[in-house]
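In what follows, a single structure is set out as structure tokens and then discussed.
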There are 2 protein chains.
Amino acid sequence: MFSTMSSAKSVNAIGNQLSPLHEQWKQRIEKVLSERLPSVETIPQRLHQAMRYSTLNGGKRIRAMLVYATGYLFGADEKVLDVPASAVEAIQSFSLIHDDLPAIDNDDLRRGKLSCHRAFDDATAILAGDALLMFAFEQLSNGTQDAEQIIAMIRILSEDSGTAGMIGGGSLELEISGKSIAVEALEDLHWRKCGTLIRASVLLGAYGATIPNQDILSKLETYAYGVGVGYQISNDLLDSMGNFALLGKKPKSDWAMDRSTFYNQLDPELASLRMVELFNQSIAALDGLDRVEPLQSIARYIMQRTLSICEASKG
Amino acid sequence: MFSTMSSAKSVNAIGNQLSPLHEQWKQRIEKVLSERLPSVETIPQRLHQAMRYSTLNGGKRIRAMLVYATGYLFGADEKVLDVPASAVEAIQSFSLIHDDLPAIDNDDLRRGKLSCHRAFDDATAILAGDALLMFAFEQLSNGTQDAEQIIAMIRILSEDSGTAGMIGGGSLELEISGKSIAVEALEDLHWRKCGTLIRASVLLGAYGATIPNQDILSKLETYAYGVGVGYQISNDLLDSMGNFALLGKKPKSDWAMDRSTFYNQLDPELASLRMVELFNQSIAALDGLDRVEPLQSIARYIMQRTLSICEASKG
């Protein structure tokens, strides 16, 4: 079923683990978010509790890692990258809280814990998402970068999260729910839904560090496209596997069919092949540049972890 | 009942109307918003329809007028003020859409039309609010002001709309719903809920025009406090009058009691007196400065219109 496994392995020999540097970034962003999110000691306490509950709940922090890894490419001090890293994680958290609401995905669980509206209430979840969105821009506006860099970060984040990007992707997904669409349209949807915030994370790492030149921006855009769409295919594949393991249902169940995913629009093997192709394009886009190993490792890590879990689920 | 009427009238002789300049600004912001909001011709169409439906629905545009009137004080070109004016109106529209949701105020109507979630659906209303919030920051990040001015506008808007400001006010209101609170706490709540976005509108007009000095900023802050809290008291008084006229219910009905308002916490006459005091403080704060008549007129207009309607409702 997953014959792409061997071809993926041949791309590199880094394996299935992120480096100690990535782990350090993950710990760093947890600390930064915990320090910067408003305290539960100050009013409105319930709102602050909900914001912290949903943001400090053990996410993988891929987006923050992309910020730090891109800043690393430019030799930036990690300290100046804390602002863009916390901004992209706040946007991700906002997006998950609102997506989980009864009116949208109606998910009771998020990372094994009650989703925000179930742990608190719908009104608090709506406001907590709104407040995290505001928090992201407040963070950026207080950055220590030069003014031009700060404005570029805000422009990128607001455009990539807006109706042409992430929020627009969520809306399109509702419109086409249950319908079959062409693979190209599906890739566009997944680019908007997941990829645009991945691109924003990479570009915020770049502008958080410096004013990047057009050549490097172009390579980073290529990198971000592959990781952005590839990560969504990975999520679709893993959801289906997880669902299979958890519920004993076959993939392509009704559960899987109510969303347009690569998984249920394409054969899983084809979806997996496209994922590997995308991640390999990302890795190749940075070949020959210095200090790109952390970015390339993130692409390899997501790809190989996905392939391993898919492989294991066959057993 | 409304003995403050005569004292309010003695403050000035401007009367109950806004000037042609204010009307021109109102028409200007309608055009600007219509041009800048995403088109219903581009996807996601339903989301864009909802954003436009809720934003272009005949609001009074007090916040946009405050931006233009403050910019006028500094002699700014109206064109450069379009960005902050559209940003504050987008934030106001986002806030009303989310407040109207079933989980929060559950309002079916907004300005005599179906509220966003009733005209579309809950999911679209949540996403349209989110998208308007993003739109506000996207607008600001594309402003033609100097970078320092743009960053100041973004910092002010995100802080005054966040958990210390408007969204925090919404959350506090839910927490204390149905409870009786001290008048001071009520004024703080109303400052957060309504006043902070009024302050942001005034300060965005200032920073949209220039980098203002501390002396003028301090006067504008005093002005904004009075208009910000006074406008909320005005809204409470008018809601109760409207309710009386519409439903034939007495003020202080159950409808009015489920929110902590000046109207049901204080005697209406005391609320009205406090409103007049606040607006007069706003007007006085700007006395002696040039080109402040448009700002002072806005304060007089809201105050006198409120008093006139209250007076008429006695008949």
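Here's how to read the names in the structure tokens: chain A, B, ... by the order shown, residue numbers from 1 in each chain, ligand numbers from 1 in the order shown.
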Please produce, as CSV, a per-residue contact table for chain A versus chain B (criterion: any atom at most 9 Å away, only C-alpha atoms considered), showing the nearest atom pair and its distance in Å to one decimal, sorted by chain then residue number.
residue,atom,partner,partner_atom,distance
A:Pro38,CA,B:Thr163,CA,8.1
A:Ile43,CA,B:Leu172,CA,7.7
A:Pro44,CA,B:Leu172,CA,5.7
A:Gln45,CA,B:Leu172,CA,8.6
A:Arg46,CA,B:Ser171,CA,7.9
A:Leu47,CA,B:Ser171,CA,6.5
A:His48,CA,B:Thr163,CA,7.9
A:His98,CA,B:Ile126,CA,7.7
A:Asp99,CA,B:Ala123,CA,9.0
A:Leu101,CA,B:Ala123,CA,8.6
A:Pro102,CA,B:Ala123,CA,8.7
A:Ala103,CA,B:Ala123,CA,5.1
A:Ile104,CA,B:Ala123,CA,5.4
A:Asp121,CA,B:Ala103,CA,8.4
A:Asp122,CA,B:Ala103,CA,5.8
A:Ala123,CA,B:Ala103,CA,5.1
A:Thr124,CA,B:Ser171,CA,7.0
A:Ile126,CA,B:His98,CA,7.6
A:Leu127,CA,B:Ile167,CA,6.5
A:Ala128,CA,B:Ile167,CA,8.5
A:Gly129,CA,B:Asp130,CA,8.8
A:Asp130,CA,B:Asp130,CA,7.1
A:Ala131,CA,B:Gly162,CA,5.5
A:Leu132,CA,B:Gly162,CA,8.3
A:Leu133,CA,B:Leu133,CA,8.1
A:Met134,CA,B:Ser158,CA,5.3
A:Phe135,CA,B:Gly162,CA,6.9
A:Ala136,CA,B:Ser158,CA,8.6
A:Phe137,CA,B:Ser158,CA,6.3
A:Glu138,CA,B:Ser158,CA,5.2
A:Gln139,CA,B:Arg155,CA,8.4
A:Leu140,CA,B:Arg155,CA,8.4
A:Ser141,CA,B:Arg155,CA,5.2
A:Asn142,CA,B:Arg155,CA,7.1
A:Ala147,CA,B:Ala147,CA,5.6
A:Glu148,CA,B:Ala147,CA,6.4
A:Ile150,CA,B:Ile151,CA,7.7
A:Ile151,CA,B:Ser141,CA,5.8
A:Ala152,CA,B:Ser141,CA,7.6
A:Met153,CA,B:Ser141,CA,9.0
A:Ile154,CA,B:Ser141,CA,6.3
A:Arg155,CA,B:Ser141,CA,5.2
A:Ile156,CA,B:Glu138,CA,8.3
A:Leu157,CA,B:Glu138,CA,8.4
A:Ser158,CA,B:Glu138,CA,5.2
A:Glu159,CA,B:Glu138,CA,6.3
A:Ser161,CA,B:Met134,CA,7.2
A:Gly162,CA,B:Ala131,CA,5.5
A:Thr163,CA,B:Ala131,CA,6.2
A:Ala164,CA,B:Pro44,CA,8.0
A:Ile167,CA,B:Ala131,CA,6.5
A:Gly168,CA,B:Pro44,CA,5.9
A:Gly169,CA,B:Pro44,CA,7.9
A:Gly170,CA,B:Leu127,CA,7.9
A:Ser171,CA,B:Leu47,CA,6.4
A:Leu172,CA,B:Pro44,CA,5.7
A:Leu174,CA,B:Ala123,CA,8.4
A:Glu175,CA,B:Arg46,CA,8.1
### Message
Considering only helix (DSSP H, G or I) as DSSP defines it on the backbone, what residues of range 131-307 of chain B qualify? List them as a PyMOL selection string.
### Response
chain B and resi 131-141+147-161+166-175+183-209+214-247+254-257+262-265+268-285+293-307
### Task
Name all residues at most 10 Å from Tyr223 in chain A (count only C-alpha atoms; drop same-chain ones fewer than 6 positions away) and give them as JSON, numbers by chain.
{"A": [198, 199, 202, 217, 278, 279, 280, 281, 282, 283, 284, 285, 286, 295, 296, 299]}
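Shell of Ser115 in chain A at 10 Å, with only C-alpha atoms counted and residues fewer than 2 places along the chain excluded, is A:Ala50, A:Tyr53, A:Ser54, A:Leu96, A:Ile97, A:His98, A:Asp100, A:Leu101, A:Asn106, A:Asp107, A:Asp108, A:Leu109, A:Arg110, A:Arg111, A:Gly112, A:Lys113, A:His117, A:Arg118, A:Ala119, A:Phe120, A:Asp121, A:Ala125.
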Store the residues picked out above in a file with N, CA and C atoms, as a JSON list (two decimals), in the first residue's frame.
[["chain", "number", "residue", "atom", "x", "y", "z"],
["A", 50, "ALA", "N", -9.06, 30.36, 29.26],
["A", 50, "ALA", "CA", -9.39, 29.65, 28.02],
["A", 50, "ALA", "C", -8.28, 29.83, 26.98],
["A", 53, "TYR", "N", -5.38, 27.66, 28.23],
["A", 53, "TYR", "CA", -5.76, 26.24, 28.14],
["A", 53, "TYR", "C", -5.56, 25.72, 26.71],
["A", 54, "SER", "N", -6.04, 26.51, 25.76],
["A", 54, "SER", "CA", -6.01, 26.03, 24.37],
["A", 54, "SER", "C", -4.66, 26.23, 23.69],
["A", 96, "LEU", "N", -7.78, 26.72, 15.58],
["A", 96, "LEU", "CA", -8.27, 25.43, 16.08],
["A", 96, "LEU", "C", -9.48, 25.62, 16.99],
["A", 97, "ILE", "N", -9.44, 26.65, 17.85],
["A", 97, "ILE", "CA", -10.57, 26.89, 18.76],
["A", 97, "ILE", "C", -11.85, 27.15, 17.96],
["A", 98, "HIS", "N", -11.76, 28.02, 16.95],
["A", 98, "HIS", "CA", -12.96, 28.33, 16.17],
["A", 98, "HIS", "C", -13.37, 27.15, 15.29],
["A", 100, "ASP", "N", -13.13, 24.05, 15.99],
["A", 100, "ASP", "CA", -13.74, 23.02, 16.85],
["A", 100, "ASP", "C", -15.16, 23.35, 17.27],
["A", 101, "LEU", "N", -15.58, 24.61, 17.12],
["A", 101, "LEU", "CA", -16.91, 25.02, 17.60],
["A", 101, "LEU", "C", -18.03, 24.18, 17.00],
["A", 106, "ASN", "N", -17.49, 20.93, 15.19],
["A", 106, "ASN", "CA", -18.14, 20.29, 16.34],
["A", 106, "ASN", "C", -17.27, 19.17, 16.93],
["A", 107, "ASP", "N", -16.04, 19.52, 17.23],
["A", 107, "ASP", "CA", -15.11, 18.54, 17.81],
["A", 107, "ASP", "C", -15.05, 18.71, 19.33],
["A", 108, "ASP", "N", -15.30, 17.63, 20.03],
["A", 108, "ASP", "CA", -15.26, 17.67, 21.50],
["A", 108, "ASP", "C", -13.85, 17.57, 22.04],
["A", 109, "LEU", "N", -12.97, 17.02, 21.23],
["A", 109, "LEU", "CA", -11.61, 16.76, 21.72],
["A", 109, "LEU", "C", -10.59, 17.45, 20.83],
["A", 110, "ARG", "N", -9.51, 17.84, 21.47],
["A", 110, "ARG", "CA", -8.37, 18.44, 20.76],
["A", 110, "ARG", "C", -7.12, 17.95, 21.48],
["A", 111, "ARG", "N", -6.29, 17.21, 20.78],
["A", 111, "ARG", "CA", -5.08, 16.64, 21.37],
["A", 111, "ARG", "C", -5.37, 15.87, 22.67],
["A", 112, "GLY", "N", -6.49, 15.13, 22.63],
["A", 112, "GLY", "CA", -6.81, 14.25, 23.75],
["A", 112, "GLY", "C", -7.43, 14.95, 24.95],
["A", 113, "LYS", "N", -7.57, 16.26, 24.88],
["A", 113, "LYS", "CA", -8.24, 17.00, 25.96],
["A", 113, "LYS", "C", -9.54, 17.58, 25.41],
["A", 117, "HIS", "N", -14.43, 24.98, 23.71],
["A", 117, "HIS", "CA", -15.84, 25.25, 24.02],
["A", 117, "HIS", "C", -16.43, 24.18, 24.92],
["A", 118, "ARG", "N", -15.83, 22.99, 24.96],
["A", 118, "ARG", "CA", -16.32, 21.94, 25.86],
["A", 118, "ARG", "C", -15.74, 22.14, 27.26],
["A", 119, "ALA", "N", -14.50, 22.59, 27.35],
["A", 119, "ALA", "CA", -13.88, 22.82, 28.66],
["A", 119, "ALA", "C", -14.44, 24.10, 29.30],
["A", 120, "PHE", "N", -14.83, 25.06, 28.48],
["A", 120, "PHE", "CA", -15.40, 26.32, 28.98],
["A", 120, "PHE", "C", -16.84, 26.40, 28.47],
["A", 121, "ASP", "N", -17.11, 27.21, 27.49],
["A", 121, "ASP", "CA", -18.44, 27.29, 26.88],
["A", 121, "ASP", "C", -18.26, 27.94, 25.52],
["A", 125, "ALA", "N", -15.21, 30.38, 24.11],
["A", 125, "ALA", "CA", -14.34, 29.88, 23.04],
["A", 125, "ALA", "C", -14.30, 30.87, 21.87]]
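Of all the residues in range 68-228 of chain B, the ones DSSP labels as strand (DSSP E or B) from the backbone are Leu109, Arg110, Lys113 and Leu114 of chain B.
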#### Entry: Among listed residues A:Val292, A:Val276, A:Leu204, A:Leu66, nearest Gln304 in chain A (using only C-alpha atoms)
A:Val276
### Query
Which of these residues is nearest to Asp290 in chain B, using only C-alpha atoms: B:Gly230, B:Phe74, B:Arg63, B:Leu37?
B:Phe74
### Message
Can you pull out the residues contacting Val32 in chain B? Cut-off 12 Å, using only C-alpha atoms, and skip same-chain residues under 3 positions away; I want them as a list in words.
### Response
Trp25, Lys26, Gln27, Arg28, Ile29, Glu35, Arg36, Leu37, Pro38, Thr55, Leu56, Ala64, Glu78, Lys79, Val80, Leu81, Asp82, Val83, Pro84, Ala85, Ser86, Ala87, Glu89, Ala90 and Gln139 of chain B
Long-range neighbours of range 300-302 of chain A as a PDB file with N, CA, C and O atoms, in the first residue's frame, 12 Å cut-off, only C-alpha atoms, 4 positions minimum in chain:
ATOM      1  N   ALA A   8      11.156   7.400  -0.217  1.00  0.00           N
ATOM      2  CA  ALA A   8      11.337   8.503   0.727  1.00  0.00           C
ATOM      3  C   ALA A   8      12.614   8.308   1.531  1.00  0.00           C
ATOM      4  O   ALA A   8      13.368   9.243   1.751  1.00  0.00           O
ATOM      5  N   LYS A   9      12.843   7.066   1.934  1.00  0.00           N
ATOM      6  CA  LYS A   9      14.034   6.797   2.751  1.00  0.00           C
ATOM      7  C   LYS A   9      15.309   7.108   1.986  1.00  0.00           C
ATOM      8  O   LYS A   9      16.309   7.530   2.560  1.00  0.00           O
ATOM      9  N   SER A  10      15.253   6.907   0.696  1.00  0.00           N
ATOM     10  CA  SER A  10      16.456   7.108  -0.095  1.00  0.00           C
ATOM     11  C   SER A  10      16.840   8.590  -0.211  1.00  0.00           C
ATOM     12  O   SER A  10      17.956   8.928  -0.526  1.00  0.00           O
ATOM     13  N   VAL A  11      15.887   9.482   0.054  1.00  0.00           N
ATOM     14  CA  VAL A  11      16.153  10.917  -0.066  1.00  0.00           C
ATOM     15  C   VAL A  11      17.236  11.367   0.904  1.00  0.00           C
ATOM     16  O   VAL A  11      18.070  12.191   0.597  1.00  0.00           O
ATOM     17  N   ASN A  12      17.218  10.810   2.078  1.00  0.00           N
ATOM     18  CA  ASN A  12      18.166  11.240   3.102  1.00  0.00           C
ATOM     19  C   ASN A  12      18.242  10.182   4.183  1.00  0.00           C
ATOM     20  O   ASN A  12      17.460   9.251   4.206  1.00  0.00           O
ATOM     21  N   ALA A  13      19.163  10.368   5.079  1.00  0.00           N
ATOM     22  CA  ALA A  13      19.342   9.359   6.121  1.00  0.00           C
ATOM     23  C   ALA A  13      19.158   9.960   7.503  1.00  0.00           C
ATOM     24  O   ALA A  13      19.693   9.483   8.486  1.00  0.00           O
ATOM     25  N   ILE A  14      18.396  11.033   7.584  1.00  0.00           N
ATOM     26  CA  ILE A  14      18.235  11.735   8.856  1.00  0.00           C
ATOM     27  C   ILE A  14      17.345  10.943   9.809  1.00  0.00           C
ATOM     28  O   ILE A  14      17.512  11.010  11.024  1.00  0.00           O
ATOM     29  N   GLY A  15      16.438  10.198   9.237  1.00  0.00           N
ATOM     30  CA  GLY A  15      15.585   9.362  10.072  1.00  0.00           C
ATOM     31  C   GLY A  15      14.365  10.098  10.579  1.00  0.00           C
ATOM     32  O   GLY A  15      13.991  11.125  10.047  1.00  0.00           O
ATOM     33  N   ASN A  16      13.830   9.573  11.643  1.00  0.00           N
ATOM     34  CA  ASN A  16      12.467   9.874  12.060  1.00  0.00           C
ATOM     35  C   ASN A  16      12.399  10.846  13.225  1.00  0.00           C
ATOM     36  O   ASN A  16      11.369  10.984  13.859  1.00  0.00           O
ATOM     37  N   GLN A  17      13.504  11.506  13.507  1.00  0.00           N
ATOM     38  CA  GLN A  17      13.599  12.318  14.717  1.00  0.00           C
ATOM     39  C   GLN A  17      13.980  13.747  14.362  1.00  0.00           C
ATOM     40  O   GLN A  17      14.718  13.990  13.418  1.00  0.00           O
ATOM     41  N   LEU A  18      13.493  14.669  15.168  1.00  0.00           N
ATOM     42  CA  LEU A  18      13.984  16.038  15.068  1.00  0.00           C
ATOM     43  C   LEU A  18      15.231  16.190  15.928  1.00  0.00           C
ATOM     44  O   LEU A  18      15.484  15.399  16.831  1.00  0.00           O
ATOM     45  N   SER A  19      16.035  17.183  15.632  1.00  0.00           N
ATOM     46  CA  SER A  19      17.322  17.361  16.321  1.00  0.00           C
ATOM     47  C   SER A  19      17.132  17.983  17.700  1.00  0.00           C
ATOM     48  O   SER A  19      16.064  18.531  18.003  1.00  0.00           O
ATOM     49  N   HIS A  22      15.841  21.501  17.445  1.00  0.00           N
ATOM     50  CA  HIS A  22      14.385  21.636  17.306  1.00  0.00           C
ATOM     51  C   HIS A  22      13.689  21.467  18.653  1.00  0.00           C
ATOM     52  O   HIS A  22      12.729  22.175  18.960  1.00  0.00           O
ATOM     53  N   LYS A  60       2.470  20.452  18.535  1.00  0.00           N
ATOM     54  CA  LYS A  60       3.781  20.049  18.003  1.00  0.00           C
ATOM     55  C   LYS A  60       4.688  21.239  17.728  1.00  0.00           C
ATOM     56  O   LYS A  60       5.886  21.106  17.594  1.00  0.00           O
ATOM     57  N   ILE A  62       5.116  23.024  15.100  1.00  0.00           N
ATOM     58  CA  ILE A  62       5.791  23.025  13.795  1.00  0.00           C
ATOM     59  C   ILE A  62       5.940  24.462  13.284  1.00  0.00           C
ATOM     60  O   ILE A  62       6.974  24.829  12.725  1.00  0.00           O
ATOM     61  N   TYR A 223       9.939  26.206  -0.771  1.00  0.00           N
ATOM     62  CA  TYR A 223      10.000  25.338   0.406  1.00  0.00           C
ATOM     63  C   TYR A 223       8.643  25.310   1.121  1.00  0.00           C
ATOM     64  O   TYR A 223       8.109  24.248   1.458  1.00  0.00           O
ATOM     65  N   GLY A 226       5.685  23.284  -0.565  1.00  0.00           N
ATOM     66  CA  GLY A 226       5.754  21.831  -0.389  1.00  0.00           C
ATOM     67  C   GLY A 226       5.402  21.406   1.024  1.00  0.00           C
ATOM     68  O   GLY A 226       4.614  20.464   1.232  1.00  0.00           O
ATOM     69  N   VAL A 227       5.958  22.097   2.000  1.00  0.00           N
ATOM     70  CA  VAL A 227       5.661  21.740   3.400  1.00  0.00           C
ATOM     71  C   VAL A 227       4.198  22.057   3.717  1.00  0.00           C
ATOM     72  O   VAL A 227       3.521  21.295   4.415  1.00  0.00           O
ATOM     73  N   GLY A 228       3.705  23.169   3.188  1.00  0.00           N
ATOM     74  CA  GLY A 228       2.335  23.590   3.491  1.00  0.00           C
ATOM     75  C   GLY A 228       1.296  22.602   3.008  1.00  0.00           C
ATOM     76  O   GLY A 228       0.403  22.195   3.765  1.00  0.00           O
ATOM     77  N   VAL A 229       1.397  22.192   1.754  1.00  0.00           N
ATOM     78  CA  VAL A 229       0.416  21.238   1.225  1.00  0.00           C
ATOM     79  C   VAL A 229       0.752  19.824   1.713  1.00  0.00           C
ATOM     80  O   VAL A 229      -0.144  19.033   2.055  1.00  0.00           O
ATOM     81  N   GLY A 230       2.045  19.507   1.760  1.00  0.00           N
ATOM     82  CA  GLY A 230       2.455  18.176   2.214  1.00  0.00           C
ATOM     83  C   GLY A 230       1.994  17.887   3.643  1.00  0.00           C
ATOM     84  O   GLY A 230       1.560  16.779   3.966  1.00  0.00           O
ATOM     85  N   TYR A 231       2.057  18.904   4.480  1.00  0.00           N
ATOM     86  CA  TYR A 231       1.656  18.735   5.878  1.00  0.00           C
ATOM     87  C   TYR A 231       0.158  18.444   5.975  1.00  0.00           C
ATOM     88  O   TYR A 231      -0.291  17.646   6.806  1.00  0.00           O
ATOM     89  N   GLN A 232      -0.621  19.088   5.119  1.00  0.00           N
ATOM     90  CA  GLN A 232      -2.065  18.821   5.135  1.00  0.00           C
ATOM     91  C   GLN A 232      -2.360  17.392   4.658  1.00  0.00           C
ATOM     92  O   GLN A 232      -3.216  16.703   5.218  1.00  0.00           O
ATOM     93  N   ILE A 233      -1.656  16.950   3.620  1.00  0.00           N
ATOM     94  CA  ILE A 233      -1.854  15.557   3.170  1.00  0.00           C
ATOM     95  C   ILE A 233      -1.448  14.608   4.297  1.00  0.00           C
ATOM     96  O   ILE A 233      -2.145  13.623   4.592  1.00  0.00           O
ATOM     97  N   SER A 234      -0.335  14.914   4.949  1.00  0.00           N
ATOM     98  CA  SER A 234       0.107  14.100   6.086  1.00  0.00           C
ATOM     99  C   SER A 234      -0.981  14.015   7.147  1.00  0.00           C
ATOM    100  O   SER A 234      -1.311  12.929   7.639  1.00  0.00           O
ATOM    101  N   ASN A 235      -1.563  15.174   7.487  1.00  0.00           N
ATOM    102  CA  ASN A 235      -2.631  15.184   8.506  1.00  0.00           C
ATOM    103  C   ASN A 235      -3.817  14.334   8.087  1.00  0.00           C
ATOM    104  O   ASN A 235      -4.388  13.606   8.892  1.00  0.00           O
ATOM    105  N   LEU A 237      -3.772  11.771   6.005  1.00  0.00           N
ATOM    106  CA  LEU A 237      -3.384  10.358   6.063  1.00  0.00           C
ATOM    107  C   LEU A 237      -3.373   9.866   7.513  1.00  0.00           C
ATOM    108  O   LEU A 237      -3.909   8.797   7.824  1.00  0.00           O
ATOM    109  N   LEU A 238      -2.787  10.662   8.404  1.00  0.00           N
ATOM    110  CA  LEU A 238      -2.686  10.234   9.808  1.00  0.00           C
ATOM    111  C   LEU A 238      -4.050  10.186  10.482  1.00  0.00           C
ATOM    112  O   LEU A 238      -4.322   9.285  11.276  1.00  0.00           O
ATOM    113  N   MET A 275       2.519  13.571  -1.475  1.00  0.00           N
ATOM    114  CA  MET A 275       3.125  14.145  -0.263  1.00  0.00           C
ATOM    115  C   MET A 275       4.647  14.069  -0.327  1.00  0.00           C
ATOM    116  O   MET A 275       5.348  15.055  -0.066  1.00  0.00           O
ATOM    117  N   VAL A 276       5.158  12.888  -0.701  1.00  0.00           N
ATOM    118  CA  VAL A 276       6.618  12.708  -0.768  1.00  0.00           C
ATOM    119  C   VAL A 276       7.216  13.643  -1.815  1.00  0.00           C
ATOM    120  O   VAL A 276       8.250  14.288  -1.589  1.00  0.00           O
ATOM    121  N   GLU A 277       6.548  13.761  -2.951  1.00  0.00           N
ATOM    122  CA  GLU A 277       7.020  14.661  -4.007  1.00  0.00           C
ATOM    123  C   GLU A 277       7.112  16.103  -3.498  1.00  0.00           C
ATOM    124  O   GLU A 277       8.112  16.805  -3.718  1.00  0.00           O
ATOM    125  N   LEU A 278       6.071  16.525  -2.772  1.00  0.00           N
ATOM    126  CA  LEU A 278       6.046  17.897  -2.259  1.00  0.00           C
ATOM    127  C   LEU A 278       7.160  18.147  -1.244  1.00  0.00           C
ATOM    128  O   LEU A 278       7.872  19.157  -1.324  1.00  0.00           O
ATOM    129  N   PHE A 279       7.318  17.233  -0.307  1.00  0.00           N
ATOM    130  CA  PHE A 279       8.374  17.430   0.700  1.00  0.00           C
ATOM    131  C   PHE A 279       9.765  17.404   0.049  1.00  0.00           C
ATOM    132  O   PHE A 279      10.656  18.165   0.432  1.00  0.00           O
ATOM    133  N   ASN A 280       9.928  16.537  -0.939  1.00  0.00           N
ATOM    134  CA  ASN A 280      11.231  16.493  -1.615  1.00  0.00           C
ATOM    135  C   ASN A 280      11.507  17.782  -2.389  1.00  0.00           C
ATOM    136  O   ASN A 280      12.649  18.242  -2.450  1.00  0.00           O
ATOM    137  N   GLN A 281      10.462  18.367  -2.960  1.00  0.00           N
ATOM    138  CA  GLN A 281      10.636  19.671  -3.620  1.00  0.00           C
ATOM    139  C   GLN A 281      11.069  20.730  -2.616  1.00  0.00           C
ATOM    140  O   GLN A 281      11.910  21.588  -2.901  1.00  0.00           O
ATOM    141  N   SER A 282      10.473  20.668  -1.433  1.00  0.00           N
ATOM    142  CA  SER A 282      10.846  21.626  -0.373  1.00  0.00           C
ATOM    143  C   SER A 282      12.316  21.488  -0.011  1.00  0.00           C
ATOM    144  O   SER A 282      13.040  22.486   0.122  1.00  0.00           O
ATOM    145  N   ILE A 283      12.732  20.253   0.188  1.00  0.00           N
ATOM    146  CA  ILE A 283      14.117  20.002   0.594  1.00  0.00           C
ATOM    147  C   ILE A 283      15.078  20.455  -0.507  1.00  0.00           C
ATOM    148  O   ILE A 283      16.064  21.156  -0.251  1.00  0.00           O
ATOM    149  N   ALA A 284      14.749  20.107  -1.745  1.00  0.00           N
ATOM    150  CA  ALA A 284      15.617  20.440  -2.873  1.00  0.00           C
ATOM    151  C   ALA A 284      15.721  21.952  -3.089  1.00  0.00           C
ATOM    152  O   ALA A 284      16.767  22.459  -3.518  1.00  0.00           O
ATOM    153  N   GLU A 293      19.810  23.183   7.158  1.00  0.00           N
ATOM    154  CA  GLU A 293      19.532  21.831   7.638  1.00  0.00           C
ATOM    155  C   GLU A 293      18.317  21.773   8.578  1.00  0.00           C
ATOM    156  O   GLU A 293      17.478  20.879   8.447  1.00  0.00           O
ATOM    157  N   PRO A 294      18.173  22.737   9.503  1.00  0.00           N
ATOM    158  CA  PRO A 294      16.985  22.675  10.366  1.00  0.00           C
ATOM    159  C   PRO A 294      15.666  22.762   9.589  1.00  0.00           C
ATOM    160  O   PRO A 294      14.703  22.071   9.942  1.00  0.00           O
ATOM    161  N   LEU A 295      15.632  23.587   8.535  1.00  0.00           N
ATOM    162  CA  LEU A 295      14.406  23.651   7.730  1.00  0.00           C
ATOM    163  C   LEU A 295      14.198  22.341   6.972  1.00  0.00           C
ATOM    164  O   LEU A 295      13.084  21.811   6.906  1.00  0.00           O
ATOM    165  N   GLN A 296      15.271  21.822   6.376  1.00  0.00           N
ATOM    166  CA  GLN A 296      15.139  20.564   5.626  1.00  0.00           C
ATOM    167  C   GLN A 296      14.738  19.420   6.558  1.00  0.00           C
ATOM    168  O   GLN A 296      13.948  18.553   6.179  1.00  0.00           O
ATOM    169  N   THR A 306       5.128  10.362   8.904  1.00  0.00           N
ATOM    170  CA  THR A 306       3.861   9.980   8.288  1.00  0.00           C
ATOM    171  C   THR A 306       3.977   8.617   7.620  1.00  0.00           C
ATOM    172  O   THR A 306       3.114   7.737   7.793  1.00  0.00           O
ATOM    173  N   LEU A 307       5.052   8.458   6.857  1.00  0.00           N
ATOM    174  CA  LEU A 307       5.228   7.180   6.148  1.00  0.00           C
ATOM    175  C   LEU A 307       5.383   6.024   7.139  1.00  0.00           C
ATOM    176  O   LEU A 307       4.843   4.936   6.920  1.00  0.00           O
ATOM    177  N   SER A 308       6.105   6.250   8.227  1.00  0.00           N
ATOM    178  CA  SER A 308       6.298   5.186   9.223  1.00  0.00           C
ATOM    179  C   SER A 308       4.983   4.760   9.850  1.00  0.00           C
ATOM    180  O   SER A 308       4.716   3.576  10.032  1.00  0.00           O
ATOM    181  N   ILE A 309       4.172   5.766  10.209  1.00  0.00           N
ATOM    182  CA  ILE A 309       2.892   5.435  10.867  1.00  0.00           C
ATOM    183  C   ILE A 309       1.973   4.719   9.880  1.00  0.00           C
ATOM    184  O   ILE A 309       1.307   3.742  10.227  1.00  0.00           O
TER     185      ILE A 309
END
